[in-house]
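work-v4.txt, holding compact mmCIF, C-alpha atoms:
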```txt
# COMPACT_ATOMS: atom_id res chain seq x y z
CA MET A 742 -17.78 22.62 -14.98
CA ALA A 743 -21.37 22.68 -13.84
CA ALA A 744 -21.20 19.00 -13.11
CA VAL A 745 -18.07 19.48 -11.07
CA THR A 746 -19.61 22.26 -9.07
CA HIS A 747 -22.74 20.22 -8.57
CA GLN A 748 -20.78 17.24 -7.29
CA ALA A 749 -18.72 19.39 -4.98
CA GLN A 750 -21.83 20.98 -3.56
CA ALA A 751 -23.44 17.59 -3.21
CA ILE A 752 -20.69 16.63 -0.83
CA GLY A 753 -21.06 19.89 0.98
CA LEU A 754 -18.05 21.50 -0.56
CA GLU A 755 -17.86 24.47 -2.81
CA GLY A 756 -16.07 23.95 -6.05
CA SER A 757 -14.09 26.67 -7.67
CA ARG A 758 -12.36 27.13 -10.94
CA SER A 759 -8.93 27.29 -9.37
CA VAL A 760 -9.55 23.98 -7.66
CA GLU A 761 -10.46 22.35 -10.93
CA ALA A 762 -7.29 23.60 -12.55
CA ALA A 763 -5.02 22.50 -9.75
CA ASN A 764 -3.02 19.33 -10.02
CA ASP A 765 -3.24 16.56 -7.46
CA HIS A 766 -0.32 17.72 -5.36
CA GLU A 767 -1.72 21.22 -5.13
CA LEU A 768 -5.07 19.81 -4.10
CA LEU A 769 -3.46 17.73 -1.37
CA ALA A 770 -1.66 20.80 -0.11
CA ALA A 771 -4.99 22.63 -0.03
CA ILE A 772 -6.60 19.72 1.82
CA ARG A 773 -3.87 19.96 4.42
CA ASP A 774 -4.86 23.59 4.89
CA GLY A 775 -8.47 22.57 5.42
CA ASP A 776 -9.79 23.37 1.94
CA GLU A 777 -12.70 21.00 1.55
CA ALA A 778 -13.35 22.13 -2.00
CA ALA A 779 -10.01 20.65 -2.89
CA PHE A 780 -11.07 17.41 -1.29
CA GLY A 781 -14.26 17.46 -3.32
CA GLU A 782 -12.22 17.81 -6.48
CA ILE A 783 -10.03 14.88 -5.54
CA VAL A 784 -13.16 12.82 -4.94
CA ARG A 785 -14.57 13.81 -8.30
CA ARG A 786 -11.40 12.82 -10.11
CA TYR A 787 -10.83 9.44 -8.55
CA ARG A 788 -14.13 8.06 -7.27
CA ASN A 789 -15.03 6.13 -10.43
CA PRO A 790 -11.58 4.72 -11.22
CA ILE A 791 -11.07 3.62 -7.63
CA THR A 792 -14.53 2.11 -7.39
CA ASN A 793 -13.99 0.24 -10.63
CA PHE A 794 -10.59 -1.00 -9.52
CA VAL A 795 -11.87 -2.23 -6.16
CA TYR A 796 -14.87 -3.79 -7.82
CA ARG A 797 -12.60 -5.76 -10.15
CA MET A 798 -10.58 -6.85 -7.18
CA ILE A 799 -13.36 -8.08 -4.92
CA ASP A 800 -16.27 -8.56 -7.36
CA ASP A 801 -18.74 -6.97 -4.95
CA TYR A 802 -20.19 -3.64 -6.01
CA GLU A 803 -21.68 -2.54 -2.70
CA ARG A 804 -18.56 -3.34 -0.80
CA SER A 805 -16.36 -1.75 -3.43
CA VAL A 806 -18.28 1.52 -3.01
CA GLU A 807 -17.78 1.37 0.74
CA LEU A 808 -14.09 0.68 0.36
CA THR A 809 -13.77 3.56 -2.07
CA GLN A 810 -15.34 5.86 0.49
CA GLU A 811 -12.98 4.52 3.11
CA THR A 812 -10.11 5.26 0.74
CA PHE A 813 -11.13 8.91 0.49
CA ILE A 814 -11.57 9.20 4.24
CA ARG A 815 -8.04 7.96 4.70
CA ILE A 816 -6.83 10.43 2.12
CA TYR A 817 -8.50 13.24 4.04
CA THR A 818 -7.41 12.23 7.53
CA SER A 819 -3.81 11.50 6.52
CA ALA A 820 -3.34 14.44 4.17
CA SER A 821 -0.83 15.96 6.55
CA ARG A 822 1.36 12.88 6.25
CA TYR A 823 1.26 12.71 2.47
CA GLN A 824 4.66 13.16 0.86
CA ALA A 825 4.81 14.07 -2.78
CA ASN A 826 7.59 11.63 -3.60
CA TYR A 827 5.46 9.97 -6.24
CA SER A 828 2.22 10.69 -8.01
CA PHE A 829 -0.97 11.02 -6.04
CA SER A 830 -2.69 8.41 -8.18
CA THR A 831 -0.06 5.92 -7.08
CA TYR A 832 -0.76 6.89 -3.49
CA ILE A 833 -4.51 6.51 -3.74
CA TYR A 834 -4.27 3.25 -5.65
CA ARG A 835 -1.99 1.93 -2.95
CA ILE A 836 -4.53 2.73 -0.27
CA ALA A 837 -7.32 1.17 -2.30
CA THR A 838 -5.22 -1.91 -3.04
CA ASN A 839 -4.44 -2.42 0.62
CA LEU A 840 -8.10 -2.10 1.52
CA ALA A 841 -9.12 -4.50 -1.21
CA ILE A 842 -6.52 -7.07 -0.21
CA SER A 843 -7.58 -6.76 3.43
CA GLU A 844 -11.15 -7.38 2.33
CA LEU A 845 -10.11 -10.44 0.35
CA ARG A 846 -8.26 -11.83 3.32
CA LYS A 847 -11.25 -11.26 5.57
CA ARG A 848 -13.39 -13.12 3.10
CA LYS A 849 -10.88 -15.90 2.86
CA ARG A 850 -11.10 -16.40 6.61
CA ARG A 851 -14.88 -16.45 6.43
CA ARG A 852 -15.07 -18.57 3.34
CA PHE A 853 -16.65 -22.00 3.55
CA VAL A 854 -14.76 -24.87 2.09
CA SER A 855 -16.47 -26.02 -1.05
CA LEU A 856 -16.78 -29.72 -1.54
CA PHE A 857 -16.72 -29.13 -5.26
CA SER A 858 -13.41 -27.32 -5.42
CA PRO A 859 -10.88 -29.44 -3.65
CA TYR A 860 -8.07 -28.32 -5.93
CA THR A 861 -5.33 -25.86 -5.13
CA ASN A 862 -2.96 -23.93 -7.33
CA ASP A 863 0.82 -23.83 -7.19
CA ASP A 864 0.66 -21.47 -4.21
CA GLY A 865 -1.55 -23.80 -2.21
CA GLU A 866 -4.59 -21.57 -2.49
CA PRO A 867 -7.96 -23.12 -3.32
CA VAL A 868 -9.00 -22.72 -6.91
CA GLU A 869 -12.56 -22.51 -8.04
CA ILE A 870 -13.38 -24.92 -10.82
CA ASP A 871 -14.61 -22.77 -13.64
CA PRO A 872 -14.68 -24.73 -16.86
CA PRO A 873 -15.36 -22.62 -19.92
CA ASP A 874 -18.84 -22.89 -21.28
CA SER A 875 -18.66 -23.75 -24.96
CA ASN A 876 -22.39 -23.45 -25.57
CA ALA A 877 -23.13 -20.62 -27.93
CA LEU A 878 -25.65 -18.03 -26.87
CA GLN A 879 -28.10 -16.50 -29.32
CA ASP A 880 -28.48 -13.04 -27.99
CA GLU A 881 -25.63 -10.58 -28.27
CA VAL A 882 -26.52 -8.94 -25.00
CA LEU A 883 -26.49 -12.23 -23.22
CA ILE A 884 -23.22 -13.05 -24.86
CA GLY A 885 -21.75 -9.81 -23.67
CA ASP A 886 -23.07 -10.34 -20.14
CA GLU A 887 -21.76 -13.86 -20.08
CA ARG A 888 -18.37 -12.71 -21.27
CA ARG A 889 -18.20 -10.06 -18.60
CA ARG A 890 -19.24 -12.51 -15.92
CA ALA A 891 -16.66 -14.97 -17.14
CA VAL A 892 -13.96 -12.33 -17.02
CA SER A 893 -14.99 -11.29 -13.53
CA ARG A 894 -15.01 -14.86 -12.31
CA ALA A 895 -11.66 -15.51 -13.91
CA ILE A 896 -10.10 -12.46 -12.30
CA THR A 897 -11.54 -13.16 -8.88
CA SER A 898 -10.30 -16.74 -9.04
CA LEU A 899 -6.73 -15.50 -9.31
CA PRO A 900 -4.51 -15.45 -6.23
CA GLU A 901 -4.61 -11.97 -4.75
CA LYS A 902 -0.98 -11.24 -5.50
CA TYR A 903 -1.63 -11.82 -9.21
CA ARG A 904 -5.03 -10.18 -9.13
CA ALA A 905 -3.90 -6.75 -8.02
CA ALA A 906 -1.15 -6.65 -10.61
CA ILE A 907 -3.29 -7.77 -13.56
CA VAL A 908 -6.17 -5.45 -12.68
CA LEU A 909 -3.89 -2.47 -12.33
CA ARG A 910 -2.22 -3.33 -15.63
CA ASP A 911 -4.92 -4.59 -17.98
CA VAL A 912 -8.03 -3.03 -16.48
CA GLU A 913 -6.77 0.26 -15.10
CA GLY A 914 -3.94 0.62 -17.59
CA LEU A 915 -1.18 1.58 -15.16
CA SER A 916 2.40 1.27 -16.30
CA TYR A 917 4.75 -1.30 -14.83
CA ASP A 918 6.75 1.20 -12.85
CA ARG A 919 3.65 2.71 -11.29
CA ILE A 920 2.29 -0.73 -10.44
CA ALA A 921 5.60 -1.46 -8.80
CA GLU A 922 5.19 1.70 -6.72
CA VAL A 923 1.60 0.88 -5.79
CA LEU A 924 2.40 -2.67 -4.76
CA LYS A 925 5.83 -1.81 -3.35
CA LEU A 926 7.45 -4.45 -5.49
CA SER A 927 10.27 -4.46 -7.98
CA GLU A 928 9.36 -3.95 -11.58
CA GLY A 929 10.67 -7.39 -12.45
CA THR A 930 8.39 -8.98 -9.88
CA VAL A 931 5.45 -7.07 -11.27
CA LYS A 932 6.19 -8.25 -14.80
CA SER A 933 6.52 -11.81 -13.61
CA ARG A 934 3.23 -11.69 -11.77
CA ILE A 935 1.41 -10.18 -14.71
CA ASN A 936 2.81 -12.85 -17.00
CA ARG A 937 1.64 -15.58 -14.61
CA ALA A 938 -1.77 -13.96 -14.28
CA ARG A 939 -2.23 -13.76 -18.03
CA ASN A 940 -1.27 -17.38 -18.44
CA LEU A 941 -3.84 -18.37 -15.82
CA LEU A 942 -6.50 -16.17 -17.40
CA ARG A 943 -5.81 -17.55 -20.82
CA GLU A 944 -6.60 -21.02 -19.54
CA LYS A 945 -9.86 -19.84 -17.97
CA LEU A 946 -11.00 -17.69 -20.85
CA THR A 947 -10.08 -19.91 -23.77
CA ALA A 948 -13.63 -19.81 -25.08
CA TYR A 949 -13.66 -16.02 -25.22
CA ILE A 950 -10.33 -15.23 -26.83
CA MET B 629 14.59 -13.39 -42.19
CA ASN B 630 17.38 -13.07 -39.78
CA THR B 631 15.89 -12.62 -36.36
CA MET B 632 18.15 -11.08 -33.75
CA ILE B 633 16.23 -12.26 -30.73
CA GLY B 634 14.78 -15.61 -29.75
CA CYS B 635 11.20 -16.68 -29.16
CA SER B 636 11.34 -16.47 -25.36
CA GLN B 637 12.69 -12.97 -25.42
CA THR B 638 10.16 -11.96 -28.04
CA LYS B 639 7.29 -13.32 -25.97
CA ARG B 640 8.60 -11.46 -22.98
CA LEU B 641 8.69 -8.25 -24.99
CA ILE B 642 5.16 -8.91 -26.24
CA ASP B 643 3.96 -9.41 -22.70
CA GLU B 644 5.66 -6.30 -21.40
CA ALA B 645 4.60 -3.99 -24.22
CA ASP B 646 2.48 -1.05 -23.20
CA ARG B 647 0.13 -1.87 -26.04
CA PRO B 648 -0.14 -5.15 -27.92
CA ASP B 649 0.66 -3.42 -31.19
CA ALA B 650 3.53 -1.38 -29.83
CA LEU B 651 6.38 -3.82 -30.18
CA SER B 652 9.99 -3.00 -30.63
CA PHE B 653 11.58 -3.29 -34.06
CA GLU B 654 13.34 -6.55 -33.26
CA ALA B 655 10.24 -8.09 -31.74
CA SER B 656 8.10 -7.05 -34.67
CA ASN B 657 10.56 -8.61 -37.09
CA HIS B 658 10.61 -11.82 -35.10
CA VAL B 659 6.82 -12.00 -34.86
CA ALA B 660 6.53 -11.48 -38.57
CA ALA B 661 8.76 -14.46 -39.17
CA CYS B 662 7.73 -16.79 -36.34
CA VAL B 663 4.32 -18.47 -36.40
CA SER B 664 4.46 -19.39 -32.72
CA CYS B 665 5.27 -15.90 -31.60
CA GLU B 666 2.68 -14.45 -33.95
CA SER B 667 0.04 -16.70 -32.44
CA PHE B 668 1.21 -15.72 -28.96
CA ALA B 669 1.01 -12.03 -29.81
CA ASP B 670 -2.51 -12.40 -31.20
CA GLU B 671 -3.64 -14.34 -28.19
CA ARG B 672 -2.19 -11.82 -25.78
CA ALA B 673 -3.79 -8.95 -27.68
CA ARG B 674 -7.21 -10.60 -27.49
CA LEU B 675 -6.82 -11.36 -23.84
CA ARG B 676 -5.84 -7.82 -22.99
CA SER B 677 -8.68 -6.49 -25.04
CA LEU B 678 -11.10 -8.81 -23.28
CA LEU B 679 -9.92 -7.74 -19.84
CA ALA B 680 -10.13 -4.08 -20.72
CA SER B 681 -13.54 -4.41 -22.35
CA GLY B 682 -15.40 -5.06 -19.15
CA THR B 683 -18.03 -2.57 -18.15
CA ARG B 684 -16.60 0.05 -15.89
CA VAL B 685 -18.73 0.63 -12.86
CA SER B 686 -19.56 4.05 -11.52
CA VAL B 687 -20.38 5.28 -8.07
CA PRO B 688 -24.04 5.38 -7.02
CA MET B 689 -25.96 8.62 -6.80
CA ASN B 690 -25.71 8.88 -3.03
CA PHE B 691 -21.95 8.30 -3.00
CA ASP B 692 -21.07 11.88 -2.08
CA ALA B 693 -23.74 12.18 0.60
CA VAL B 694 -22.67 8.96 2.25
CA LEU B 695 -19.05 9.98 2.00
CA LYS B 696 -19.84 13.31 3.63
CA ALA B 697 -21.60 11.59 6.52
CA LYS B 698 -18.75 9.15 6.98
CA LEU B 699 -16.24 11.96 6.82
CA GLU B 700 -18.04 13.88 9.57
CA GLU B 701 -18.11 10.76 11.69
CA SER B 702 -14.42 10.23 11.04
CA LYS B 703 -13.66 13.82 12.05
CA ARG B 704 -15.46 13.31 15.34
CA ARG B 705 -13.58 10.13 16.01
CA PHE B 706 -10.32 11.78 15.07
CA ALA B 707 -10.97 14.79 17.34
CA PHE B 708 -11.66 12.60 20.36
CA GLY B 709 -9.33 9.81 19.42
CA TRP B 710 -7.32 10.28 22.58
CA LEU B 711 -10.42 9.34 24.58
CA SER B 712 -10.56 5.95 23.01
CA SER B 713 -9.73 2.89 25.03
CA ALA B 714 -6.19 2.93 23.77
CA GLY B 715 -5.91 6.56 24.78
CA TYR B 716 -7.14 5.77 28.25
CA LEU B 717 -4.65 2.96 28.47
CA ARG B 718 -1.79 5.25 27.56
CA LEU B 719 -2.96 7.88 30.02
CA GLY B 720 -3.19 5.32 32.82
CA ALA B 721 0.24 3.92 32.09
CA ALA B 722 1.76 7.39 32.07
CA THR B 723 0.08 8.26 35.39
CA ALA B 724 1.24 5.04 37.00
CA ALA B 725 4.79 5.62 35.81
CA LEU B 726 4.71 9.15 37.24
CA ILE B 727 3.46 7.91 40.61
CA ILE B 728 6.15 5.26 40.75
CA MET B 729 8.81 7.85 39.97
CA VAL B 730 7.55 10.18 42.72
CA VAL B 731 7.41 7.39 45.30
CA ALA B 732 10.87 6.20 44.34
CA ALA B 733 12.21 9.71 44.64
CA GLN B 734 10.67 10.08 48.08
CA GLN B 735 12.16 6.79 49.18
CA ALA B 736 15.54 7.90 47.98
CA GLY B 737 15.24 11.09 49.99
CA LEU B 738 15.53 13.39 47.08
CA PHE B 739 12.83 15.63 48.49
CA SER B 740 14.10 15.73 52.12
CA GLY B 741 17.00 18.07 51.57
CA GLU B 742 19.28 15.88 53.69
CA GLN B 743 22.60 14.66 52.61
CA PRO B 744 22.57 11.03 51.76
CA GLN B 745 24.07 8.93 54.49
CA SER B 746 27.43 7.46 53.87
CA ALA B 747 27.95 3.80 54.06
CA PRO B 748 27.99 2.57 57.64
CA GLU B 749 31.38 2.03 59.06
CA THR B 750 32.29 -1.36 60.29
CA TYR B 751 32.79 -0.75 63.93
CA VAL B 752 30.80 -0.54 67.08
CA SER B 753 31.67 2.24 69.45
CA VAL B 754 30.85 1.73 73.05
CA LYS B 755 30.86 4.49 75.56
CA GLU B 756 33.16 2.99 78.07
CA PRO B 757 32.27 3.69 81.64
CA PRO B 758 34.98 5.57 83.46
CA VAL B 759 36.01 2.68 85.54
CA PRO B 760 39.46 1.54 86.26
CA VAL B 761 40.68 -1.48 84.64
CA ALA B 762 43.31 -3.37 86.44
CA ALA B 763 46.56 -2.72 84.80
CA GLU B 764 48.77 -5.43 83.75
CA PRO B 765 51.36 -6.33 86.20
CA ALA B 766 54.61 -4.60 85.75
CA GLY B 767 56.24 -5.99 82.81
CA GLY B 768 52.92 -7.14 81.56
CA ILE B 769 54.14 -10.60 80.98
CA SER B 770 51.52 -13.19 81.09
CA ASP B 771 51.85 -16.57 82.54
CA GLY B 772 52.28 -18.16 79.23
CA ARG B 773 48.66 -18.75 78.60
CA GLY B 774 48.63 -15.56 76.65
CA PRO B 775 45.78 -13.48 77.89
CA VAL B 776 45.60 -10.27 76.07
CA ILE B 777 42.58 -8.81 77.74
CA THR B 778 42.64 -8.58 81.44
CA VAL B 779 39.52 -8.10 83.44
CA ALA B 780 39.72 -7.40 87.09
CA SER B 781 38.02 -10.06 89.06
CA HIS B 782 36.31 -7.56 91.30
CA TYR B 783 35.04 -5.61 88.48
CA PRO B 784 31.89 -6.70 86.83
CA ALA B 785 32.40 -7.43 83.25
CA PRO B 786 30.63 -5.07 80.94
CA GLN B 787 27.42 -6.56 79.85
CA PHE B 788 25.98 -5.47 76.58
CA SER B 789 22.36 -6.15 76.54
CA ARG B 790 19.67 -5.34 74.12
CA GLY B 791 16.30 -4.77 75.46
CA ASN B 792 13.25 -5.45 73.45
CA ARG B 793 11.76 -2.08 74.16
CA GLY B 794 14.65 0.25 73.67
CA PRO B 795 18.04 0.78 72.25
CA ALA B 796 20.86 -1.47 73.17
CA ARG B 797 22.64 -0.44 76.35
CA VAL B 798 25.75 -1.48 78.10
CA ALA B 799 24.57 -3.80 80.76
CA GLY B 800 24.89 -2.49 84.28
CA THR B 801 25.70 1.01 83.23
CA GLY B 802 22.73 2.20 81.33
CA VAL B 803 25.01 3.65 78.72
CA PRO B 804 23.35 3.37 75.41
CA LEU B 805 25.09 1.26 72.88
CA GLU B 806 25.79 3.33 69.85
CA LEU B 807 25.51 1.58 66.60
CA PRO B 808 26.83 3.30 63.51
CA GLY B 809 23.68 2.93 61.59
CA GLU B 810 20.34 1.31 61.30
CA ASN B 811 21.58 -0.93 58.58
CA TYR B 812 23.09 -3.15 61.20
CA LEU B 813 21.05 -6.02 62.34
CA HIS B 814 21.54 -6.39 66.00
CA GLU B 815 20.63 -9.99 66.25
CA ASP B 816 21.67 -11.33 69.60
CA THR B 817 24.16 -11.07 72.38
CA GLY B 818 27.14 -13.35 72.75
CA VAL B 819 29.50 -14.00 75.61
CA MET B 820 33.27 -14.05 75.34
CA LEU B 821 35.27 -15.85 77.93
CA VAL B 822 38.42 -13.99 78.81
CA ARG B 823 41.04 -15.49 80.95
CA GLY B 824 43.64 -13.50 82.76
CA PRO B 825 45.96 -13.69 85.67
CA ASN B 826 43.13 -12.69 87.99
CA GLY B 827 40.82 -15.34 86.79
CA GLU B 828 38.27 -15.60 84.11
CA GLY B 829 35.60 -13.24 83.12
CA GLU B 830 32.82 -13.12 80.67
CA VAL B 831 32.31 -10.32 78.33
CA SER B 832 28.98 -10.01 76.62
CA LEU B 833 29.16 -8.59 73.16
CA PRO B 834 26.42 -7.74 70.81
CA MET B 835 26.37 -9.94 67.80
CA VAL B 836 26.02 -7.74 64.86
CA SER B 837 25.70 -9.01 61.36
CA VAL B 838 26.22 -7.04 58.30
CA GLY B 839 24.96 -8.82 55.33
CA ALA B 840 24.44 -12.51 55.25
CA GLN B 841 27.72 -13.76 56.60
CA SER B 842 29.76 -12.81 59.59
CA LEU B 843 33.09 -11.28 58.90
CA VAL B 844 34.67 -12.61 62.06
CA PHE B 845 33.64 -15.75 63.74
CA ALA B 846 34.87 -16.67 67.13
CA SER B 847 33.99 -19.58 69.28
CA ALA B 848 34.19 -19.58 73.03
CA GLY B 849 35.08 -23.19 73.11
CA ALA B 850 33.41 -26.06 74.80
CA SER B 851 34.92 -25.78 78.23
CA ARG B 852 32.27 -23.80 80.03
CA ARG B 853 29.76 -22.14 77.80
CA ALA B 854 29.86 -24.37 74.88
CA PRO B 855 26.49 -23.39 73.44
CA HIS B 856 27.56 -19.82 73.12
CA THR B 857 28.84 -19.08 69.75
CA ILE B 858 29.62 -15.54 68.94
CA GLY B 859 29.32 -14.26 65.49
CA THR B 860 30.77 -10.85 65.25
CA SER B 861 30.85 -8.59 62.37
CA PHE B 862 32.58 -5.33 62.86
```
As structure tokens, what does this structure read like?
Amino acid sequence: MAAVTHQAQAIGLEGSRSVEAANDHELLAAIRDGDEAAFGEIVRRYRNPITNFVYRMIDDYERSVELTQETFIRIYTSASRYQANYSFSTYIYRIATNLAISELRKRKRRRFVSLFSPYTNDDGEPVEIDPPDSNALQDEVLIGDERRRAVSRAITSLPEKYRAAIVLRDVEGLSYDRIAEVLKLSEGTVKSRINRARNLLREKLTAYI
Amino acid sequence: MNTMIGCSQTKRLIDEADRPDALSFEASNHVAACVSCESFADERARLRSLLASGTRVSVPMNFDAVLKAKLEESKRRFAFGWLSSAGYLRLGAATAALIIMVVAAQQAGLFSGEQPQSAPETYVSVKEPPVPVAAEPAGGISDGRGPVITVASHYPAPQFSRGNRGPARVAGTGVPLELPGENYLHEDTGVMLVRGPNGEGEVSLPMVSVGAQSLVFASAGASRRAPHTIGTSF
């Protein structure tokens, strides 16, 4: 409670107990009416999950924080257009996904062609060569760091259409139907993409599984 | 063990399970009996665990302060969004469209309060001078050459002339030539040769064109005034 109030005040908003008890739809309705405390509560609930999701998508912490802030600004400025046809978390993940994919596409346009990765996948997209490192490390911390880096590299090497689906499913733990809503795809397409993504990741992470 | 489902379907169910250990009864039975599917299930479980085990990042300490500053900036932009370049463009386009509509309405006479003019009639009325015209001889039978219009030889033929500085007038009389409307293009004057029992006379007629092509085209022939070709449109 104190932490919530502190965070709300840090953003210049005043938290209240009723705001904390409200569900997401009620908070959005309050934001539409200009209640900035409600907006502060929405920020408190979703800032870390959205930042983590965007970070897994683009593998850039600073930029992921900026995109998360942009996500909340869009939530605030378009609160009047929000329709409660589906859950708010689906709505905010959709905004974050679109921002992350836009960022990936910007980077793809800026990306230099590597002379060491002339290979492409089935979709014609360049694939980074990332052979698994079979050398054993002595220190557990280093092993953990190396594993995390390998996972991050493996995820970011996926085509973006597979990346969003696998991150939402296996990192953020969203269900298939909610992923389908976020990505505006059919559930069958989502399952297919996740299956393809797991097969690709299995090849890249053989040494760690 | 009798397995009800095949390996491909079992692997699909393993992949689509909410949790690696939450398989359906049929899939669990198949995995228990199938080494390949058991290996696949273990591999998938490890992979999912590996992906979920990554360190979850948190927002930095100044996240809220930066967000607040960006939000204030966004509010300012939103409040004056209509002043952006796109807003100016829309305003300019709307103003130009309004001006065009007003000018078009003025051209159409919607603001003058006058009744719109009807389409010009296809005739030219000439105020005939009150002069006698020699009547046809009794019986009015021509000499076989078929003159229809008779002009007295002593009577000067009406000359329609168009001055450059004023309205068209009937030559020799000063009677203004009335044209039904300004839509006529009074291009030039032609001469019609009329033969009668008293001789021949020339009648000058204004050549009026309506549109691009004359409705009536008459030629005076090549006997005397061959170059004169009269295009009349009445």
Counting all atoms listed in the file, what are the residues of chain B within 12 Å of chain A, and for each of them which pair of atoms is the nearest and at what distance in Å, to one decimal? Sort the table by chain and rising number, as a Markdown table.
```
| residue | atom | partner | partner_atom | distance |
| --- | --- | --- | --- | --- |
| B:Lys639 | CA | A:Asn936 | CA | 10.0 |
| B:Arg640 | CA | A:Asn936 | CA | 8.4 |
| B:Leu641 | CA | A:Lys932 | CA | 10.5 |
| B:Ile642 | CA | A:Asn936 | CA | 10.3 |
| B:Asp643 | CA | A:Asn936 | CA | 6.8 |
| B:Glu644 | CA | A:Lys932 | CA | 6.9 |
| B:Ala645 | CA | A:Ser916 | CA | 9.8 |
| B:Asp646 | CA | A:Ser916 | CA | 7.3 |
| B:Arg647 | CA | A:Gly914 | CA | 9.7 |
| B:Pro648 | CA | A:Asp911 | CA | 11.0 |
| B:Ser667 | CA | A:Ile950 | CA | 11.9 |
| B:Phe668 | CA | A:Arg943 | CA | 10.9 |
| B:Asp670 | CA | A:Ile950 | CA | 9.4 |
| B:Glu671 | CA | A:Ile950 | CA | 6.9 |
| B:Arg672 | CA | A:Arg939 | CA | 8.0 |
| B:Ala673 | CA | A:Ile950 | CA | 9.1 |
| B:Arg674 | CA | A:Ile950 | CA | 5.6 |
| B:Leu675 | CA | A:Ile950 | CA | 6.0 |
| B:Arg676 | CA | A:Asp911 | CA | 6.0 |
| B:Ser677 | CA | A:Asp911 | CA | 8.2 |
| B:Leu678 | CA | A:Ile950 | CA | 7.4 |
| B:Leu679 | CA | A:Val912 | CA | 6.1 |
| B:Ala680 | CA | A:Val912 | CA | 4.8 |
| B:Ser681 | CA | A:Val912 | CA | 8.2 |
| B:Gly682 | CA | A:Arg889 | CA | 5.8 |
| B:Thr683 | CA | A:Arg889 | CA | 7.5 |
| B:Arg684 | CA | A:Asn793 | CA | 5.9 |
| B:Val685 | CA | A:Asn793 | CA | 5.3 |
| B:Ser686 | CA | A:Asn789 | CA | 5.1 |
| B:Val687 | CA | A:Asn789 | CA | 5.9 |
| B:Pro688 | CA | A:Val806 | CA | 8.0 |
| B:Met689 | CA | A:Ala751 | CA | 10.0 |
| B:Asn690 | CA | A:Ala751 | CA | 9.0 |
| B:Phe691 | CA | A:Val806 | CA | 7.7 |
| B:Asp692 | CA | A:Ile752 | CA | 4.9 |
| B:Ala693 | CA | A:Ile752 | CA | 5.6 |
| B:Val694 | CA | A:Gln810 | CA | 8.2 |
| B:Leu695 | CA | A:Gln810 | CA | 5.7 |
| B:Lys696 | CA | A:Ile752 | CA | 5.6 |
| B:Ala697 | CA | A:Ile752 | CA | 9.0 |
| B:Lys698 | CA | A:Ile814 | CA | 7.7 |
| B:Leu699 | CA | A:Ile814 | CA | 6.0 |
| B:Glu700 | CA | A:Ile814 | CA | 9.6 |
| B:Glu701 | CA | A:Ile814 | CA | 10.0 |
| B:Ser702 | CA | A:Ile814 | CA | 7.4 |
| B:Lys703 | CA | A:Thr818 | CA | 7.9 |
| B:Arg704 | CA | A:Thr818 | CA | 11.3 |
| B:Arg705 | CA | A:Thr818 | CA | 10.7 |
| B:Phe706 | CA | A:Thr818 | CA | 8.1 |
| B:Ala707 | CA | A:Thr818 | CA | 10.7 |
```
By how many Å are CA of Glu922 (chain A) and CA of Ser830 (chain A) apart? 10.5 Å
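Between CA of Leu926 (chain A) and CA of Val795 (chain A) there is a distance of 19.5 Å.
Nearest to Ile920 (chain A) of all the residues A:Arg937, A:Arg773, A:Arg835, A:Arg850 is A:Arg835, based on all atoms listed in the file.
Nearest residue to Ile884 (chain A), choosing from A:Ala778, A:Ala938, A:Ala948, A:Leu840 and counting all atoms listed in the file: A:Ala948.
We find CA of Asp649 (chain B) and CA of Thr930 (chain A) to be spaced 23.3 Å apart.
Minimum distance to Ile816 (chain A) across A:Leu899, A:Ala762, A:Ala905, A:Ile783 (counting only C-alpha atoms) occurs at A:Ile783.
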